[in-house]
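Below is one structure, written out as structure tokens; comments come after it.
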Amino acid sequence: MSAILSFHGAAGVVTGSCYRLQVGNRSILVDCGMFQGDKTLKELNYGNWPFDPRQIDAVLLTHAHIDHSGLIPKLVKAGFAGPIMTTEGSADLLRFMLPDSGGIQEMEVERLNRRNQRRGRGIVQPIYTEQDAVDSLKQIAKRDFETWFEVIPGIEARLWNAGHILGAASVELKVASGEREPLRLLFSGDVGPEHKALQHAAEGPRDLDVVVMEATYGGRPRPKLDALGRRKALAAEVNEALALGGNLVIPAFAVERTQELLADLTKLMHDGDVKRVPVFVDSPLALSITDVFAKYLHRENGVHAPTAQPFEGGNLRFTKSVQESMQIEQVTGGAIIIAASGMCEAGRIRHHLKNNLWRPNATVLLIGYMAPGTLGYLLEQGEKAVRIQGDELEVRARIRKLEIYSGHADHDELLDWLKDRLPIRRGLMLTHGEPDAVGALRAAIALWDKSALPHGILPQVYAPRLDEFYALNHPHPKLLKTPQVQKRLDRYAEAEALSGHDWHNDYARLMLQVQAELRGAKSDAERRRLLKKMQRVLGR
């Protein structure tokens, strides 16, 4: 019986995690995530599936982050009727995260359609609605860590703590594929770093046939800090920002990152290491998620924190309504503003950036990975002007980066996690990483001393591309030719998506340059000459 693994997301890029395992005439998915980043990638979320959702028997979900779970409502809406198996922690988070995702899409599409109508363009439908997301939650089936369970006949699964966020798991599979011994696979999901603020260290099994491992931070080591060192580094950034008299704006994912910050800020303010100032958490989702985290405080495979009540304090202000959020705009200095999304792609953070980026005394603190093409990435790269909701803004605020809150293992930690999984007898598939990150891990693995490895087996490394298929019933995975499968990205679009900088980014930059040239012209006559030159280039 054939076993075929195909990669329909997070292949050559960091987002959109979605892997399909076909065994005979049955198939399951591991993750069903949304693409994030530049518009070329995000447009994949609106397109057709590269498989028939009605033919998927079950979904195994590694964790609740939207780039791993965000297309589940679309899958269900398209006819998927099977169970969505995940941990209790992930199930509790999804109750809030998926409806929130649907609501954001409805809101953003409504705003886009208003602009499109003014421009004489057609209307766009959201990928799914808030109600679609609520409906999909009915199919979630909770599973325990480290306990074997049947996914479908012939496939068993076991979940291991991945140390990434609450409920995050690595997925181990035993697959009866007609060979003498079951095929053993492991999907890492997102692997957490050492000294994670709220999570215990990652765990997992050894001696596997195929491992699919994330490569987000390949080639990128980070400072190794324990809890005290992490809080000291945060205190230095906070104190320096507040000393300037402006606001400190922190884009943070509503899940885990916000709670980590609150736990450390509460501890620092309690100990007098940081001035007790207003801390606005401007995210209804973050409020709901923080309540979930409080439920799991000090539980096994739950949340551990530096204080008994890390999410409470007289200076912590959670805002739910739009009116409450807008009132924060009146605060021009001396406050910490935490809002989602962490990559600045959506949510209320864009309003706070719009209100603070132009202020020289403001600070924007980036505390995690920024996918290429996102607004957070552009700020990280030092762009002097950006577009937010159609408006051009000069970036005068200080842009700071603090890597210590990443939810991902760095280069060295990924290699350590991998060594604990050895031997890997057939193949290691590196996913969930940009080409440079995958290449760095591949090069590091090639330097390992084979004689020092268990059974002397050096893993054979693969870097799957989007919509590639691999047959696993071979000594090593075999890439299949699939002419009947239409690629969703052509070579040019794929290269743009992998670079993280597509024509939409070039267009936005050009518009900012045009505006800067026109503003800098000495007279209206000079401005007209510039416009006529551009019109000639365009052939008009």
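Residue names in the structure tokens use chain letters A, B, ... in the order shown, residue numbers from 1 in each chain, and ligand numbers from 1 in the order shown.
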Determine, counting only C-alpha atoms, which protein, DNA and RNA residues have an atom within 10 Å of an atom of Arg528 of chain A; residues of the same chain fewer than 6 positions away are not included. Present the result as a ChimeraX atom specification.
-> /A:518,521,534
Contacts of Leu379 of chain A at 12 Å (only C-alpha atoms; same-chain gap of 2+ positions) as number ranges by chain | A: 251, 343-345, 353, 357, 363-366, 370-377, 381-388, 393-401
Same residues, N, CA, C and O atoms, saved as a tab-separated table (two decimals), in the first residue's frame:
```
chain	number	residue	atom	x	y	z
A	251	PRO	N	4.07	45.38	18.89
A	251	PRO	CA	3.22	44.44	18.16
A	251	PRO	C	3.43	43.04	18.74
A	251	PRO	O	4.58	42.58	18.84
A	343	MET	N	2.97	40.58	13.46
A	343	MET	CA	3.73	40.99	12.28
A	343	MET	C	3.16	42.27	11.66
A	343	MET	O	3.55	42.65	10.56
A	344	CYS	N	2.21	42.90	12.38
A	344	CYS	CA	1.62	44.18	11.97
A	344	CYS	C	0.80	44.07	10.71
A	344	CYS	O	0.59	45.07	10.00
A	345	GLU	N	0.30	42.89	10.40
A	345	GLU	CA	-0.43	42.68	9.16
A	345	GLU	C	-1.92	43.01	9.29
A	345	GLU	O	-2.59	43.27	8.29
A	353	LEU	N	0.28	52.06	15.23
A	353	LEU	CA	1.46	52.43	14.44
A	353	LEU	C	1.17	53.72	13.67
A	353	LEU	O	2.04	54.61	13.58
A	357	LEU	N	4.09	56.09	14.64
A	357	LEU	CA	5.29	55.95	13.81
A	357	LEU	C	5.91	57.29	13.43
A	357	LEU	O	7.12	57.39	13.26
A	363	THR	N	8.66	54.70	20.39
A	363	THR	CA	9.48	53.51	20.12
A	363	THR	C	8.56	52.36	19.72
A	363	THR	O	7.53	52.14	20.36
A	364	VAL	N	8.94	51.64	18.68
A	364	VAL	CA	8.25	50.41	18.29
A	364	VAL	C	9.21	49.26	18.56
A	364	VAL	O	10.33	49.24	18.02
A	365	LEU	N	8.81	48.34	19.42
A	365	LEU	CA	9.67	47.23	19.80
A	365	LEU	C	9.15	45.95	19.14
A	365	LEU	O	8.06	45.47	19.45
A	366	LEU	N	9.93	45.42	18.20
A	366	LEU	CA	9.59	44.18	17.51
A	366	LEU	C	10.20	43.02	18.29
A	366	LEU	O	11.41	43.01	18.53
A	370	MET	N	9.47	38.25	11.89
A	370	MET	CA	8.68	39.03	10.94
A	370	MET	C	8.82	38.39	9.56
A	370	MET	O	9.90	38.40	8.97
A	371	ALA	N	7.73	37.82	9.06
A	371	ALA	CA	7.78	37.16	7.76
A	371	ALA	C	8.05	38.19	6.66
A	371	ALA	O	7.51	39.30	6.69
A	372	PRO	N	8.88	37.85	5.69
A	372	PRO	CA	9.14	38.77	4.58
A	372	PRO	C	7.84	39.23	3.93
A	372	PRO	O	6.92	38.45	3.74
A	373	GLY	N	7.81	40.52	3.60
A	373	GLY	CA	6.64	41.09	2.96
A	373	GLY	C	5.65	41.71	3.92
A	373	GLY	O	4.77	42.47	3.51
A	374	THR	N	5.75	41.41	5.21
A	374	THR	CA	4.82	41.99	6.19
A	374	THR	C	5.26	43.40	6.55
A	374	THR	O	6.41	43.79	6.36
A	375	LEU	N	4.32	44.17	7.12
A	375	LEU	CA	4.66	45.53	7.57
A	375	LEU	C	5.74	45.47	8.64
A	375	LEU	O	6.66	46.32	8.66
A	376	GLY	N	5.66	44.50	9.54
A	376	GLY	CA	6.70	44.36	10.57
A	376	GLY	C	8.07	44.15	9.96
A	376	GLY	O	9.07	44.69	10.44
A	377	TYR	N	8.12	43.35	8.89
A	377	TYR	CA	9.39	43.10	8.20
A	377	TYR	C	9.94	44.39	7.59
A	377	TYR	O	11.14	44.67	7.67
A	381	GLN	N	13.46	46.15	8.49
A	381	GLN	CA	14.49	46.39	7.48
A	381	GLN	C	14.86	47.86	7.34
A	381	GLN	O	15.71	48.22	6.53
A	382	GLY	N	14.21	48.74	8.12
A	382	GLY	CA	14.61	50.15	8.14
A	382	GLY	C	13.94	51.03	7.10
A	382	GLY	O	14.46	52.10	6.77
A	383	GLU	N	12.77	50.63	6.60
A	383	GLU	CA	12.05	51.47	5.65
A	383	GLU	C	11.76	52.84	6.29
A	383	GLU	O	11.33	52.92	7.44
A	384	LYS	N	11.96	53.88	5.53
A	384	LYS	CA	11.76	55.24	6.04
A	384	LYS	C	10.34	55.73	5.87
A	384	LYS	O	9.95	56.75	6.47
A	385	ALA	N	9.56	55.06	5.04
A	385	ALA	CA	8.17	55.41	4.85
A	385	ALA	C	7.39	54.14	4.52
A	385	ALA	O	7.90	53.26	3.83
A	386	VAL	N	6.17	54.04	5.04
A	386	VAL	CA	5.34	52.86	4.82
A	386	VAL	C	3.91	53.30	4.55
A	386	VAL	O	3.52	54.44	4.85
A	387	ARG	N	3.13	52.39	3.98
A	387	ARG	CA	1.70	52.64	3.74
A	387	ARG	C	0.90	51.81	4.74
A	387	ARG	O	1.11	50.61	4.88
A	388	ILE	N	-0.04	52.46	5.42
A	388	ILE	CA	-0.94	51.77	6.33
A	388	ILE	C	-2.36	52.21	6.00
A	388	ILE	O	-2.68	53.39	6.06
A	393	LEU	N	3.08	57.06	5.54
A	393	LEU	CA	3.59	57.57	6.82
A	393	LEU	C	5.11	57.57	6.80
A	393	LEU	O	5.74	56.60	6.38
A	394	GLU	N	5.69	58.67	7.27
A	394	GLU	CA	7.13	58.70	7.50
A	394	GLU	C	7.43	57.98	8.81
A	394	GLU	O	6.71	58.14	9.81
A	395	VAL	N	8.48	57.19	8.82
A	395	VAL	CA	8.87	56.46	10.02
A	395	VAL	C	9.92	57.28	10.76
A	395	VAL	O	11.09	57.30	10.39
A	396	ARG	N	9.48	57.96	11.79
A	396	ARG	CA	10.39	58.77	12.62
A	396	ARG	C	10.63	58.12	13.98
A	396	ARG	O	11.58	58.48	14.68
A	397	ALA	N	9.76	57.21	14.37
A	397	ALA	CA	9.92	56.53	15.66
A	397	ALA	C	11.15	55.63	15.64
A	397	ALA	O	11.62	55.20	14.59
A	398	ARG	N	11.67	55.34	16.82
A	398	ARG	CA	12.76	54.37	16.95
A	398	ARG	C	12.18	52.97	16.72
A	398	ARG	O	11.14	52.62	17.27
A	399	ILE	N	12.86	52.19	15.90
A	399	ILE	CA	12.46	50.81	15.67
A	399	ILE	C	13.50	49.92	16.33
A	399	ILE	O	14.67	49.94	15.96
A	400	ARG	N	13.07	49.16	17.31
A	400	ARG	CA	13.98	48.30	18.06
A	400	ARG	C	13.57	46.84	17.87
A	400	ARG	O	12.41	46.52	17.60
A	401	LYS	N	14.54	45.96	18.01
A	401	LYS	CA	14.30	44.52	17.82
A	401	LYS	C	14.81	43.77	19.04
A	401	LYS	O	15.95	44.00	19.49
```
Given only C-alpha atoms as the counted atoms, nearest of A:Arg465, A:Arg348, A:His270, A:His164 to Glu312 of chain A =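 Selected residue with least distance to Glu312 of chain A: A:His270.
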Select from segment 135-369 of chain A everything DSSP, run on the backbone, classes as strand (DSSP E), then give the selection as JSON, numbers by chain.
-> {"A": [140, 141, 142, 143, 149, 150, 151, 152, 155, 156, 157, 158, 159, 160, 161, 169, 170, 171, 172, 173, 174, 175, 183, 184, 185, 186, 187, 208, 209, 210, 211, 212, 213, 214, 248, 249, 250, 251, 279, 280, 281, 282, 316, 317, 318, 319, 336, 337, 338, 339, 363, 364, 365, 366]}
Report the distance between atom CA of Ser136 of chain A and atom CA of Gly12 of chain A in Å, rounded to one decimal place.
-> 28.5 Å
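Atom CA of Leu402 of chain A is found 8.3 Å from atom CA of Ala233 of chain A.
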Hey, can you check how far atom CA of Leu244 of chain A sits from atom CA of Gly313 of chain A?
-> 24.4 Å
Residue with smallest distance to Thr216 of chain A - pool A:Ser451, A:Ser406, A:Ser90, A:Gln515, counting only C-alpha atoms = A:Ser406
Between A:Met326, A:Ile289, A:Val124, A:Leu234, single out the one closest to His352 of chain A, counting only C-alpha atoms.
-> A:Met326
Within 10 Å of segment 77-79 of chain A, counting only C-alpha atoms, which residues show up once you throw out same-chain ones fewer than 4 positions away? Write them as a list in words, please.
->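 Surrounding residues, per the criterion: Asn48, Trp49, Asp52, Pro53, Arg54, Gln55, Ile56, Leu71, Ile72, Pro73, Ile127, Tyr128, Asp132, Ala133, Asp135 and Ser136 of chain A.
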Check the DSSP output for the backbone and give back, as a VMD selection string, the residues of segment 136-274 of chain A in helix (DSSP H, G or I).
-> chain A and resid 136 to 139 227 to 243 257 to 270
